[in-house]
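File shown here: model.cif, holding mmCIF, N, CA and C atoms.
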data_run
#
loop_
_atom_site.label_atom_id
_atom_site.label_comp_id
_atom_site.auth_asym_id
_atom_site.auth_seq_id
_atom_site.Cartn_x
_atom_site.Cartn_y
_atom_site.Cartn_z
N MET A 475 -2.45 23.79 16.70
CA MET A 475 -2.41 22.35 16.82
C MET A 475 -1.73 22.01 18.15
N THR A 476 -2.36 21.18 18.91
CA THR A 476 -1.77 20.77 20.18
C THR A 476 -0.64 19.78 19.92
N SER A 477 0.23 19.61 20.89
CA SER A 477 1.33 18.67 20.71
C SER A 477 0.82 17.24 20.59
N GLN A 478 -0.30 16.94 21.25
CA GLN A 478 -0.88 15.60 21.15
C GLN A 478 -1.45 15.38 19.75
N THR A 479 -2.13 16.38 19.20
CA THR A 479 -2.66 16.28 17.84
C THR A 479 -1.52 16.15 16.84
N HIS A 480 -0.47 16.95 17.03
CA HIS A 480 0.69 16.88 16.15
C HIS A 480 1.34 15.49 16.20
N ALA A 481 1.48 14.95 17.39
CA ALA A 481 2.08 13.62 17.55
C ALA A 481 1.21 12.55 16.87
N HIS A 482 -0.11 12.68 17.02
CA HIS A 482 -1.02 11.72 16.37
C HIS A 482 -0.91 11.83 14.86
N TRP A 483 -0.87 13.06 14.35
CA TRP A 483 -0.74 13.29 12.90
C TRP A 483 0.55 12.65 12.38
N LEU A 484 1.65 12.85 13.08
CA LEU A 484 2.93 12.28 12.66
C LEU A 484 2.91 10.75 12.72
N GLU A 485 2.25 10.21 13.71
CA GLU A 485 2.14 8.75 13.82
C GLU A 485 1.32 8.18 12.67
N ILE A 486 0.26 8.86 12.28
CA ILE A 486 -0.55 8.43 11.14
C ILE A 486 0.29 8.46 9.86
N ARG A 487 1.04 9.52 9.66
CA ARG A 487 1.90 9.63 8.47
C ARG A 487 2.92 8.50 8.46
N LYS A 488 3.52 8.22 9.60
CA LYS A 488 4.50 7.12 9.69
C LYS A 488 3.85 5.78 9.35
N THR A 489 2.66 5.56 9.85
CA THR A 489 1.93 4.32 9.57
C THR A 489 1.67 4.16 8.08
N ILE A 490 1.29 5.24 7.43
CA ILE A 490 1.03 5.20 5.99
C ILE A 490 2.29 4.83 5.23
N VAL A 491 3.40 5.45 5.57
CA VAL A 491 4.66 5.17 4.88
C VAL A 491 5.09 3.72 5.11
N VAL A 492 5.05 3.29 6.35
CA VAL A 492 5.49 1.93 6.68
C VAL A 492 4.59 0.89 6.02
N SER A 493 3.29 1.17 5.92
CA SER A 493 2.36 0.21 5.32
C SER A 493 2.58 0.04 3.83
N GLN A 494 3.32 0.95 3.21
CA GLN A 494 3.62 0.83 1.78
C GLN A 494 4.90 0.04 1.53
N MET A 495 5.71 -0.14 2.55
CA MET A 495 7.02 -0.77 2.37
C MET A 495 6.94 -2.24 1.97
N ALA A 496 6.19 -3.03 2.70
CA ALA A 496 6.13 -4.47 2.40
C ALA A 496 5.55 -4.75 1.02
N PRO A 497 4.38 -4.18 0.67
CA PRO A 497 3.87 -4.47 -0.67
C PRO A 497 4.83 -4.01 -1.77
N THR A 498 5.44 -2.85 -1.59
CA THR A 498 6.38 -2.35 -2.60
C THR A 498 7.59 -3.27 -2.71
N ALA A 499 8.14 -3.67 -1.60
CA ALA A 499 9.30 -4.58 -1.61
C ALA A 499 8.94 -5.91 -2.27
N LEU A 500 7.76 -6.43 -1.96
CA LEU A 500 7.35 -7.70 -2.56
C LEU A 500 7.12 -7.58 -4.06
N LEU A 501 6.54 -6.47 -4.51
CA LEU A 501 6.35 -6.28 -5.95
C LEU A 501 7.69 -6.19 -6.67
N ILE A 502 8.62 -5.44 -6.10
CA ILE A 502 9.95 -5.31 -6.71
C ILE A 502 10.66 -6.65 -6.73
N THR A 503 10.59 -7.39 -5.64
CA THR A 503 11.23 -8.70 -5.56
C THR A 503 10.63 -9.66 -6.58
N THR A 504 9.33 -9.61 -6.74
CA THR A 504 8.68 -10.49 -7.72
C THR A 504 9.13 -10.17 -9.13
N VAL A 505 9.21 -8.90 -9.46
CA VAL A 505 9.70 -8.51 -10.78
C VAL A 505 11.12 -9.04 -10.97
N ALA A 506 11.95 -8.88 -9.96
CA ALA A 506 13.33 -9.36 -10.05
C ALA A 506 13.36 -10.88 -10.22
N LEU A 507 12.55 -11.59 -9.45
CA LEU A 507 12.54 -13.05 -9.53
C LEU A 507 11.98 -13.55 -10.86
N LEU A 508 11.12 -12.78 -11.48
CA LEU A 508 10.64 -13.15 -12.81
C LEU A 508 11.78 -13.18 -13.81
N GLN A 509 12.76 -12.33 -13.62
CA GLN A 509 13.92 -12.30 -14.50
C GLN A 509 14.77 -13.56 -14.35
N PHE A 510 14.64 -14.24 -13.21
CA PHE A 510 15.42 -15.44 -12.94
C PHE A 510 14.59 -16.72 -13.04
N GLY A 511 13.41 -16.63 -13.67
CA GLY A 511 12.65 -17.84 -13.96
C GLY A 511 11.47 -18.13 -13.07
N LEU A 512 11.03 -17.19 -12.26
CA LEU A 512 9.87 -17.44 -11.39
C LEU A 512 8.64 -17.85 -12.20
N GLY A 513 8.49 -17.28 -13.39
CA GLY A 513 7.33 -17.60 -14.22
C GLY A 513 7.31 -19.02 -14.75
N GLU A 514 8.46 -19.71 -14.70
CA GLU A 514 8.55 -21.09 -15.19
C GLU A 514 8.58 -22.11 -14.06
N THR A 515 8.40 -21.68 -12.81
CA THR A 515 8.43 -22.62 -11.69
C THR A 515 7.12 -23.39 -11.61
N ASP A 516 7.05 -24.32 -10.67
CA ASP A 516 5.83 -25.11 -10.47
C ASP A 516 4.64 -24.19 -10.22
N LEU A 517 3.48 -24.66 -10.60
CA LEU A 517 2.25 -23.88 -10.42
C LEU A 517 2.03 -23.51 -8.96
N ALA A 518 2.33 -24.43 -8.05
CA ALA A 518 2.12 -24.15 -6.63
C ALA A 518 2.96 -22.96 -6.16
N VAL A 519 4.18 -22.85 -6.66
CA VAL A 519 5.04 -21.73 -6.28
C VAL A 519 4.48 -20.42 -6.82
N ARG A 520 3.97 -20.45 -8.04
CA ARG A 520 3.40 -19.24 -8.63
C ARG A 520 2.13 -18.83 -7.91
N ILE A 521 1.31 -19.81 -7.51
CA ILE A 521 0.08 -19.51 -6.75
C ILE A 521 0.44 -18.94 -5.39
N ALA A 522 1.46 -19.51 -4.74
CA ALA A 522 1.91 -18.98 -3.45
C ALA A 522 2.40 -17.54 -3.60
N THR A 523 3.13 -17.29 -4.67
CA THR A 523 3.62 -15.93 -4.92
C THR A 523 2.44 -14.97 -5.08
N ALA A 524 1.45 -15.37 -5.85
CA ALA A 524 0.27 -14.53 -6.05
C ALA A 524 -0.44 -14.28 -4.72
N GLY A 525 -0.56 -15.31 -3.90
CA GLY A 525 -1.21 -15.17 -2.60
C GLY A 525 -0.48 -14.23 -1.67
N ILE A 526 0.84 -14.35 -1.64
CA ILE A 526 1.64 -13.47 -0.79
C ILE A 526 1.48 -12.02 -1.24
N LEU A 527 1.56 -11.79 -2.55
CA LEU A 527 1.39 -10.43 -3.07
C LEU A 527 0.01 -9.88 -2.75
N LEU A 528 -1.01 -10.72 -2.95
CA LEU A 528 -2.38 -10.28 -2.72
C LEU A 528 -2.62 -9.96 -1.25
N ALA A 529 -2.18 -10.85 -0.37
CA ALA A 529 -2.38 -10.62 1.07
C ALA A 529 -1.67 -9.35 1.52
N SER A 530 -0.43 -9.19 1.09
CA SER A 530 0.33 -8.00 1.47
C SER A 530 -0.32 -6.73 0.93
N GLY A 531 -0.78 -6.78 -0.31
CA GLY A 531 -1.42 -5.62 -0.91
C GLY A 531 -2.73 -5.26 -0.23
N ILE A 532 -3.52 -6.26 0.08
CA ILE A 532 -4.81 -6.00 0.75
C ILE A 532 -4.58 -5.41 2.14
N LEU A 533 -3.68 -6.04 2.90
CA LEU A 533 -3.41 -5.52 4.25
C LEU A 533 -2.83 -4.11 4.20
N GLY A 534 -1.90 -3.88 3.27
CA GLY A 534 -1.33 -2.54 3.12
C GLY A 534 -2.38 -1.52 2.76
N ALA A 535 -3.26 -1.87 1.83
CA ALA A 535 -4.32 -0.95 1.41
C ALA A 535 -5.29 -0.66 2.55
N LEU A 536 -5.62 -1.68 3.33
CA LEU A 536 -6.53 -1.47 4.46
C LEU A 536 -5.92 -0.52 5.49
N VAL A 537 -4.64 -0.73 5.79
CA VAL A 537 -3.97 0.15 6.75
C VAL A 537 -3.91 1.57 6.22
N GLN A 538 -3.57 1.71 4.95
CA GLN A 538 -3.49 3.05 4.35
C GLN A 538 -4.85 3.74 4.36
N PHE A 539 -5.89 3.01 3.98
CA PHE A 539 -7.23 3.59 3.94
C PHE A 539 -7.67 4.03 5.33
N GLN A 540 -7.45 3.15 6.31
CA GLN A 540 -7.85 3.47 7.68
C GLN A 540 -7.05 4.65 8.23
N SER A 541 -5.75 4.66 7.97
CA SER A 541 -4.91 5.76 8.45
C SER A 541 -5.31 7.08 7.80
N ALA A 542 -5.57 7.04 6.49
CA ALA A 542 -6.00 8.26 5.80
C ALA A 542 -7.35 8.74 6.33
N SER A 543 -8.25 7.82 6.64
CA SER A 543 -9.54 8.20 7.22
C SER A 543 -9.36 8.83 8.59
N GLU A 544 -8.45 8.27 9.40
CA GLU A 544 -8.15 8.87 10.70
C GLU A 544 -7.58 10.27 10.54
N ALA A 545 -6.69 10.41 9.57
CA ALA A 545 -6.08 11.72 9.33
C ALA A 545 -7.13 12.73 8.89
N GLU A 546 -8.09 12.30 8.07
CA GLU A 546 -9.17 13.20 7.65
C GLU A 546 -10.00 13.65 8.85
N SER A 547 -10.28 12.71 9.74
CA SER A 547 -11.03 13.06 10.96
C SER A 547 -10.26 14.05 11.82
N LEU A 548 -8.98 13.81 11.94
CA LEU A 548 -8.13 14.70 12.71
C LEU A 548 -8.11 16.10 12.09
N ALA A 549 -8.08 16.15 10.77
CA ALA A 549 -8.05 17.43 10.06
C ALA A 549 -9.36 18.20 10.21
N THR A 550 -10.48 17.50 10.35
CA THR A 550 -11.74 18.20 10.56
C THR A 550 -11.78 18.84 11.94
N GLU A 551 -11.05 18.26 12.88
CA GLU A 551 -11.00 18.80 14.24
C GLU A 551 -9.99 19.94 14.37
N ASP A 552 -8.95 19.91 13.52
CA ASP A 552 -7.88 20.90 13.62
C ASP A 552 -7.67 21.56 12.26
N SER A 553 -8.05 22.81 12.16
CA SER A 553 -8.00 23.51 10.87
C SER A 553 -6.58 23.66 10.32
N SER A 554 -5.57 23.62 11.16
CA SER A 554 -4.20 23.76 10.68
C SER A 554 -3.75 22.56 9.86
N LEU A 555 -4.48 21.46 9.92
CA LEU A 555 -4.13 20.24 9.17
C LEU A 555 -4.86 20.12 7.84
N ARG A 556 -5.82 20.98 7.61
CA ARG A 556 -6.67 20.83 6.42
C ARG A 556 -5.90 20.89 5.11
N SER A 557 -4.91 21.76 5.02
CA SER A 557 -4.17 21.84 3.76
C SER A 557 -3.37 20.57 3.50
N SER A 558 -2.83 19.97 4.53
CA SER A 558 -2.11 18.70 4.37
C SER A 558 -3.06 17.55 4.07
N ALA A 559 -4.25 17.62 4.60
CA ALA A 559 -5.21 16.53 4.47
C ALA A 559 -5.89 16.47 3.11
N ARG A 560 -5.76 17.52 2.32
CA ARG A 560 -6.50 17.54 1.05
C ARG A 560 -5.99 16.49 0.06
N TRP A 561 -4.80 15.94 0.27
CA TRP A 561 -4.25 14.93 -0.64
C TRP A 561 -4.46 13.50 -0.14
N LEU A 562 -5.19 13.33 0.91
CA LEU A 562 -5.39 11.99 1.47
C LEU A 562 -6.17 11.07 0.53
N TRP A 563 -6.93 11.63 -0.38
CA TRP A 563 -7.66 10.79 -1.35
C TRP A 563 -6.69 9.99 -2.22
N VAL A 564 -5.49 10.52 -2.42
CA VAL A 564 -4.49 9.78 -3.20
C VAL A 564 -4.12 8.49 -2.46
N ILE A 565 -3.91 8.59 -1.17
CA ILE A 565 -3.55 7.42 -0.36
C ILE A 565 -4.70 6.43 -0.32
N LYS A 566 -5.92 6.93 -0.24
CA LYS A 566 -7.08 6.05 -0.12
C LYS A 566 -7.45 5.36 -1.42
N TYR A 567 -7.26 6.03 -2.56
CA TYR A 567 -7.79 5.48 -3.80
C TYR A 567 -6.73 5.25 -4.89
N VAL A 568 -5.83 6.18 -5.08
CA VAL A 568 -4.87 6.07 -6.18
C VAL A 568 -3.82 4.99 -5.89
N THR A 569 -3.23 5.02 -4.70
CA THR A 569 -2.19 4.05 -4.37
C THR A 569 -2.70 2.61 -4.48
N PRO A 570 -3.85 2.27 -3.90
CA PRO A 570 -4.35 0.90 -4.08
C PRO A 570 -4.66 0.57 -5.55
N SER A 571 -5.12 1.54 -6.30
CA SER A 571 -5.40 1.30 -7.73
C SER A 571 -4.13 0.98 -8.49
N ILE A 572 -3.05 1.68 -8.17
CA ILE A 572 -1.77 1.39 -8.82
C ILE A 572 -1.31 -0.02 -8.45
N PHE A 573 -1.48 -0.40 -7.18
CA PHE A 573 -1.13 -1.76 -6.78
C PHE A 573 -1.90 -2.79 -7.60
N VAL A 574 -3.19 -2.57 -7.79
CA VAL A 574 -4.02 -3.51 -8.54
C VAL A 574 -3.51 -3.65 -9.97
N VAL A 575 -3.15 -2.55 -10.60
CA VAL A 575 -2.63 -2.61 -11.97
C VAL A 575 -1.31 -3.39 -12.02
N ILE A 576 -0.40 -3.09 -11.09
CA ILE A 576 0.87 -3.81 -11.05
C ILE A 576 0.64 -5.28 -10.73
N PHE A 577 -0.24 -5.57 -9.78
CA PHE A 577 -0.56 -6.95 -9.42
C PHE A 577 -1.10 -7.69 -10.65
N GLY A 578 -1.99 -7.05 -11.39
CA GLY A 578 -2.54 -7.67 -12.60
C GLY A 578 -1.45 -7.97 -13.62
N ALA A 579 -0.55 -7.03 -13.82
CA ALA A 579 0.55 -7.24 -14.77
C ALA A 579 1.44 -8.40 -14.32
N LEU A 580 1.69 -8.48 -13.03
CA LEU A 580 2.51 -9.59 -12.53
C LEU A 580 1.79 -10.93 -12.66
N MET A 581 0.47 -10.92 -12.50
CA MET A 581 -0.27 -12.17 -12.68
C MET A 581 -0.20 -12.64 -14.14
N VAL A 582 -0.25 -11.71 -15.06
CA VAL A 582 -0.09 -12.07 -16.48
C VAL A 582 1.31 -12.65 -16.69
N ALA A 583 2.32 -12.04 -16.09
CA ALA A 583 3.69 -12.54 -16.24
C ALA A 583 3.86 -13.91 -15.59
N LEU A 584 3.19 -14.14 -14.46
CA LEU A 584 3.32 -15.42 -13.76
C LEU A 584 2.53 -16.54 -14.42
N PHE A 585 1.34 -16.23 -14.92
CA PHE A 585 0.44 -17.27 -15.40
C PHE A 585 0.13 -17.20 -16.88
N GLY A 586 0.54 -16.10 -17.53
CA GLY A 586 0.19 -15.91 -18.94
C GLY A 586 1.05 -16.66 -19.92
#
In structure tokens, how does this file's structure come out?
Amino acid sequence: MTSQTHAHWLEIRKTIVVSQMAPTALLITTVALLQFGLGETDLAVRIATAGILLASGILGALVQFQSASEAESLATEDSSLRSSARWLWVIKYVTPSIFVVIFGALMVALFG
């Protein structure tokens, strides 16, 4: 692996990790705020909360999917990365699916 390839691989990994921070923080914050009455606030506040969560989740998922796709391409070019790249399907499909399930549960808590 060249130093440039290694640097690109590390940058992709960093991007994936950072792209998970905002959606995760917002989901945790929403759960916490539900304990303090977020579910009983005005409808507009609950809709805004849903929109913020949805936008953050979509953008995070897009970044993760794109970064994982880049990493897969990089791994096809460099055989030393193939063993690390075999788990990229988790980032592309499982992580966004978990977000959708949590988002759905929070929507039930906010609007149910």
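Distances from A:Thr479, A:Ile565, A:Met581, A:Leu501 to Leu548 of chain A were compared using all atoms listed in the file, and the smallest one belongs to A:Thr479.
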Worksheet item: Residues at most 8 Å from Arg487 of chain A, counting only N, CA and C atoms, excluding those fewer than 5 positions away in the same chain, as a list in words?
Response: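 Here the answer would be Ala481, His482, Val492, Ser493, Ser541, Ala542 and Ala545 of chain A.
Between atom CA of Arg520 of chain A and atom CA of Leu584 of chain A the interatomic distance comes to 6.4 Å.
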Discussion item. What would the selection look like, as an MDAnalysis selection string, if the PyMOL selection byres ((chain A and resi 526-538) around 7) were run on the coordinates I just shared?
Written reply: chainID A and resid 489:490 493:494 496:497 500:501 521:525 539:543 565:566 570
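Counting from atom C of Ala559 of chain A, the distance to atom C of Ser477 of chain A is 18.7 Å.
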Item to complete: To one decimal in Å, tell me the separation between atom CA of Ser558 of chain A and atom CA of Leu484 of chain A.
Response: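 Atom-to-atom, atom CA of Ser558 of chain A to atom CA of Leu484 of chain A, that is 11.6 Å.
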Can you pull out every residue from segment 475-530 of chain A that DSSP, working from the backbone, puts in alpha helix (DSSP H), and format the result as a PDB file with N, CA and C atoms, in the frame of the given file?
ATOM      1  N   SER A 477       0.230  19.610  20.890  1.00  0.00           N
ATOM      2  CA  SER A 477       1.330  18.670  20.710  1.00  0.00           C
ATOM      3  C   SER A 477       0.820  17.240  20.590  1.00  0.00           C
ATOM      4  N   GLN A 478      -0.300  16.940  21.250  1.00  0.00           N
ATOM      5  CA  GLN A 478      -0.880  15.600  21.150  1.00  0.00           C
ATOM      6  C   GLN A 478      -1.450  15.380  19.750  1.00  0.00           C
ATOM      7  N   THR A 479      -2.130  16.380  19.200  1.00  0.00           N
ATOM      8  CA  THR A 479      -2.660  16.280  17.840  1.00  0.00           C
ATOM      9  C   THR A 479      -1.520  16.150  16.840  1.00  0.00           C
ATOM     10  N   HIS A 480      -0.470  16.950  17.030  1.00  0.00           N
ATOM     11  CA  HIS A 480       0.690  16.880  16.150  1.00  0.00           C
ATOM     12  C   HIS A 480       1.340  15.490  16.200  1.00  0.00           C
ATOM     13  N   ALA A 481       1.480  14.950  17.390  1.00  0.00           N
ATOM     14  CA  ALA A 481       2.080  13.620  17.550  1.00  0.00           C
ATOM     15  C   ALA A 481       1.210  12.550  16.870  1.00  0.00           C
ATOM     16  N   HIS A 482      -0.110  12.680  17.020  1.00  0.00           N
ATOM     17  CA  HIS A 482      -1.020  11.720  16.370  1.00  0.00           C
ATOM     18  C   HIS A 482      -0.910  11.830  14.860  1.00  0.00           C
ATOM     19  N   TRP A 483      -0.870  13.060  14.350  1.00  0.00           N
ATOM     20  CA  TRP A 483      -0.740  13.290  12.900  1.00  0.00           C
ATOM     21  C   TRP A 483       0.550  12.650  12.380  1.00  0.00           C
ATOM     22  N   LEU A 484       1.650  12.850  13.080  1.00  0.00           N
ATOM     23  CA  LEU A 484       2.930  12.280  12.660  1.00  0.00           C
ATOM     24  C   LEU A 484       2.910  10.750  12.720  1.00  0.00           C
ATOM     25  N   GLU A 485       2.250  10.210  13.710  1.00  0.00           N
ATOM     26  CA  GLU A 485       2.140   8.750  13.820  1.00  0.00           C
ATOM     27  C   GLU A 485       1.320   8.180  12.670  1.00  0.00           C
ATOM     28  N   ILE A 486       0.260   8.860  12.280  1.00  0.00           N
ATOM     29  CA  ILE A 486      -0.550   8.430  11.140  1.00  0.00           C
ATOM     30  C   ILE A 486       0.290   8.460   9.860  1.00  0.00           C
ATOM     31  N   ARG A 487       1.040   9.520   9.660  1.00  0.00           N
ATOM     32  CA  ARG A 487       1.900   9.630   8.470  1.00  0.00           C
ATOM     33  C   ARG A 487       2.920   8.500   8.460  1.00  0.00           C
ATOM     34  N   LYS A 488       3.520   8.220   9.600  1.00  0.00           N
ATOM     35  CA  LYS A 488       4.500   7.120   9.690  1.00  0.00           C
ATOM     36  C   LYS A 488       3.850   5.780   9.350  1.00  0.00           C
ATOM     37  N   THR A 489       2.660   5.560   9.850  1.00  0.00           N
ATOM     38  CA  THR A 489       1.930   4.320   9.570  1.00  0.00           C
ATOM     39  C   THR A 489       1.670   4.160   8.080  1.00  0.00           C
ATOM     40  N   ILE A 490       1.290   5.240   7.430  1.00  0.00           N
ATOM     41  CA  ILE A 490       1.030   5.200   5.990  1.00  0.00           C
ATOM     42  C   ILE A 490       2.290   4.830   5.230  1.00  0.00           C
ATOM     43  N   VAL A 491       3.400   5.450   5.570  1.00  0.00           N
ATOM     44  CA  VAL A 491       4.660   5.170   4.880  1.00  0.00           C
ATOM     45  C   VAL A 491       5.090   3.720   5.110  1.00  0.00           C
ATOM     46  N   VAL A 492       5.050   3.290   6.350  1.00  0.00           N
ATOM     47  CA  VAL A 492       5.490   1.930   6.680  1.00  0.00           C
ATOM     48  C   VAL A 492       4.590   0.890   6.020  1.00  0.00           C
ATOM     49  N   SER A 493       3.290   1.170   5.920  1.00  0.00           N
ATOM     50  CA  SER A 493       2.360   0.210   5.320  1.00  0.00           C
ATOM     51  C   SER A 493       2.580   0.040   3.830  1.00  0.00           C
ATOM     52  N   GLN A 494       3.320   0.950   3.210  1.00  0.00           N
ATOM     53  CA  GLN A 494       3.620   0.830   1.780  1.00  0.00           C
ATOM     54  C   GLN A 494       4.900   0.040   1.530  1.00  0.00           C
ATOM     55  N   MET A 495       5.710  -0.140   2.550  1.00  0.00           N
ATOM     56  CA  MET A 495       7.020  -0.770   2.370  1.00  0.00           C
ATOM     57  C   MET A 495       6.940  -2.240   1.970  1.00  0.00           C
ATOM     58  N   ALA A 496       6.190  -3.030   2.700  1.00  0.00           N
ATOM     59  CA  ALA A 496       6.130  -4.470   2.400  1.00  0.00           C
ATOM     60  C   ALA A 496       5.550  -4.750   1.020  1.00  0.00           C
ATOM     61  N   PRO A 497       4.380  -4.180   0.670  1.00  0.00           N
ATOM     62  CA  PRO A 497       3.870  -4.470  -0.670  1.00  0.00           C
ATOM     63  C   PRO A 497       4.830  -4.010  -1.770  1.00  0.00           C
ATOM     64  N   THR A 498       5.440  -2.850  -1.590  1.00  0.00           N
ATOM     65  CA  THR A 498       6.380  -2.350  -2.600  1.00  0.00           C
ATOM     66  C   THR A 498       7.590  -3.270  -2.710  1.00  0.00           C
ATOM     67  N   ALA A 499       8.140  -3.670  -1.600  1.00  0.00           N
ATOM     68  CA  ALA A 499       9.300  -4.580  -1.610  1.00  0.00           C
ATOM     69  C   ALA A 499       8.940  -5.910  -2.270  1.00  0.00           C
ATOM     70  N   LEU A 500       7.760  -6.430  -1.960  1.00  0.00           N
ATOM     71  CA  LEU A 500       7.350  -7.700  -2.560  1.00  0.00           C
ATOM     72  C   LEU A 500       7.120  -7.580  -4.060  1.00  0.00           C
ATOM     73  N   LEU A 501       6.540  -6.470  -4.510  1.00  0.00           N
ATOM     74  CA  LEU A 501       6.350  -6.280  -5.950  1.00  0.00           C
ATOM     75  C   LEU A 501       7.690  -6.190  -6.670  1.00  0.00           C
ATOM     76  N   ILE A 502       8.620  -5.440  -6.100  1.00  0.00           N
ATOM     77  CA  ILE A 502       9.950  -5.310  -6.710  1.00  0.00           C
ATOM     78  C   ILE A 502      10.660  -6.650  -6.730  1.00  0.00           C
ATOM     79  N   THR A 503      10.590  -7.390  -5.640  1.00  0.00           N
ATOM     80  CA  THR A 503      11.230  -8.700  -5.560  1.00  0.00           C
ATOM     81  C   THR A 503      10.630  -9.660  -6.580  1.00  0.00           C
ATOM     82  N   THR A 504       9.330  -9.610  -6.740  1.00  0.00           N
ATOM     83  CA  THR A 504       8.680 -10.490  -7.720  1.00  0.00           C
ATOM     84  C   THR A 504       9.130 -10.170  -9.130  1.00  0.00           C
ATOM     85  N   VAL A 505       9.210  -8.900  -9.460  1.00  0.00           N
ATOM     86  CA  VAL A 505       9.700  -8.510 -10.780  1.00  0.00           C
ATOM     87  C   VAL A 505      11.120  -9.040 -10.970  1.00  0.00           C
ATOM     88  N   ALA A 506      11.950  -8.880  -9.960  1.00  0.00           N
ATOM     89  CA  ALA A 506      13.330  -9.360 -10.050  1.00  0.00           C
ATOM     90  C   ALA A 506      13.360 -10.880 -10.220  1.00  0.00           C
ATOM     91  N   LEU A 507      12.550 -11.590  -9.450  1.00  0.00           N
ATOM     92  CA  LEU A 507      12.540 -13.050  -9.530  1.00  0.00           C
ATOM     93  C   LEU A 507      11.980 -13.550 -10.860  1.00  0.00           C
ATOM     94  N   LEU A 508      11.120 -12.780 -11.480  1.00  0.00           N
ATOM     95  CA  LEU A 508      10.640 -13.150 -12.810  1.00  0.00           C
ATOM     96  C   LEU A 508      11.780 -13.180 -13.810  1.00  0.00           C
ATOM     97  N   GLN A 509      12.760 -12.330 -13.620  1.00  0.00           N
ATOM     98  CA  GLN A 509      13.920 -12.300 -14.500  1.00  0.00           C
ATOM     99  C   GLN A 509      14.770 -13.560 -14.350  1.00  0.00           C
ATOM    100  N   LEU A 517       3.480 -24.660 -10.600  1.00  0.00           N
ATOM    101  CA  LEU A 517       2.250 -23.880 -10.420  1.00  0.00           C
ATOM    102  C   LEU A 517       2.030 -23.510  -8.960  1.00  0.00           C
ATOM    103  N   ALA A 518       2.330 -24.430  -8.050  1.00  0.00           N
ATOM    104  CA  ALA A 518       2.120 -24.150  -6.630  1.00  0.00           C
ATOM    105  C   ALA A 518       2.960 -22.960  -6.160  1.00  0.00           C
ATOM    106  N   VAL A 519       4.180 -22.850  -6.660  1.00  0.00           N
ATOM    107  CA  VAL A 519       5.040 -21.730  -6.280  1.00  0.00           C
ATOM    108  C   VAL A 519       4.480 -20.420  -6.820  1.00  0.00           C
ATOM    109  N   ARG A 520       3.970 -20.450  -8.040  1.00  0.00           N
ATOM    110  CA  ARG A 520       3.400 -19.240  -8.630  1.00  0.00           C
ATOM    111  C   ARG A 520       2.130 -18.830  -7.910  1.00  0.00           C
ATOM    112  N   ILE A 521       1.310 -19.810  -7.510  1.00  0.00           N
ATOM    113  CA  ILE A 521       0.080 -19.510  -6.750  1.00  0.00           C
ATOM    114  C   ILE A 521       0.440 -18.940  -5.390  1.00  0.00           C
ATOM    115  N   ALA A 522       1.460 -19.510  -4.740  1.00  0.00           N
ATOM    116  CA  ALA A 522       1.910 -18.980  -3.450  1.00  0.00           C
ATOM    117  C   ALA A 522       2.400 -17.540  -3.600  1.00  0.00           C
ATOM    118  N   THR A 523       3.130 -17.290  -4.670  1.00  0.00           N
ATOM    119  CA  THR A 523       3.620 -15.930  -4.920  1.00  0.00           C
ATOM    120  C   THR A 523       2.440 -14.970  -5.080  1.00  0.00           C
ATOM    121  N   ALA A 524       1.450 -15.370  -5.850  1.00  0.00           N
ATOM    122  CA  ALA A 524       0.270 -14.530  -6.050  1.00  0.00           C
ATOM    123  C   ALA A 524      -0.440 -14.280  -4.720  1.00  0.00           C
ATOM    124  N   GLY A 525      -0.560 -15.310  -3.900  1.00  0.00           N
ATOM    125  CA  GLY A 525      -1.210 -15.170  -2.600  1.00  0.00           C
ATOM    126  C   GLY A 525      -0.480 -14.230  -1.670  1.00  0.00           C
ATOM    127  N   ILE A 526       0.840 -14.350  -1.640  1.00  0.00           N
ATOM    128  CA  ILE A 526       1.640 -13.470  -0.790  1.00  0.00           C
ATOM    129  C   ILE A 526       1.480 -12.020  -1.240  1.00  0.00           C
ATOM    130  N   LEU A 527       1.560 -11.790  -2.550  1.00  0.00           N
ATOM    131  CA  LEU A 527       1.390 -10.430  -3.070  1.00  0.00           C
ATOM    132  C   LEU A 527       0.010  -9.880  -2.750  1.00  0.00           C
ATOM    133  N   LEU A 528      -1.010 -10.720  -2.950  1.00  0.00           N
ATOM    134  CA  LEU A 528      -2.380 -10.280  -2.720  1.00  0.00           C
ATOM    135  C   LEU A 528      -2.620  -9.960  -1.250  1.00  0.00           C
ATOM    136  N   ALA A 529      -2.180 -10.850  -0.370  1.00  0.00           N
ATOM    137  CA  ALA A 529      -2.380 -10.620   1.070  1.00  0.00           C
ATOM    138  C   ALA A 529      -1.670  -9.350   1.520  1.00  0.00           C
ATOM    139  N   SER A 530      -0.430  -9.190   1.090  1.00  0.00           N
ATOM    140  CA  SER A 530       0.330  -8.000   1.470  1.00  0.00           C
ATOM    141  C   SER A 530      -0.320  -6.730   0.930  1.00  0.00           C
TER     142      SER A 530
END
Worksheet item: Using the chain letters and numbers from the file, which residues does the PyMOL selection byres (((chain A and resi 586 and name CA) around 12) and name CA) grab, as a ChimeraX atom specification?
Response: /A:513-514,517,520,578-585
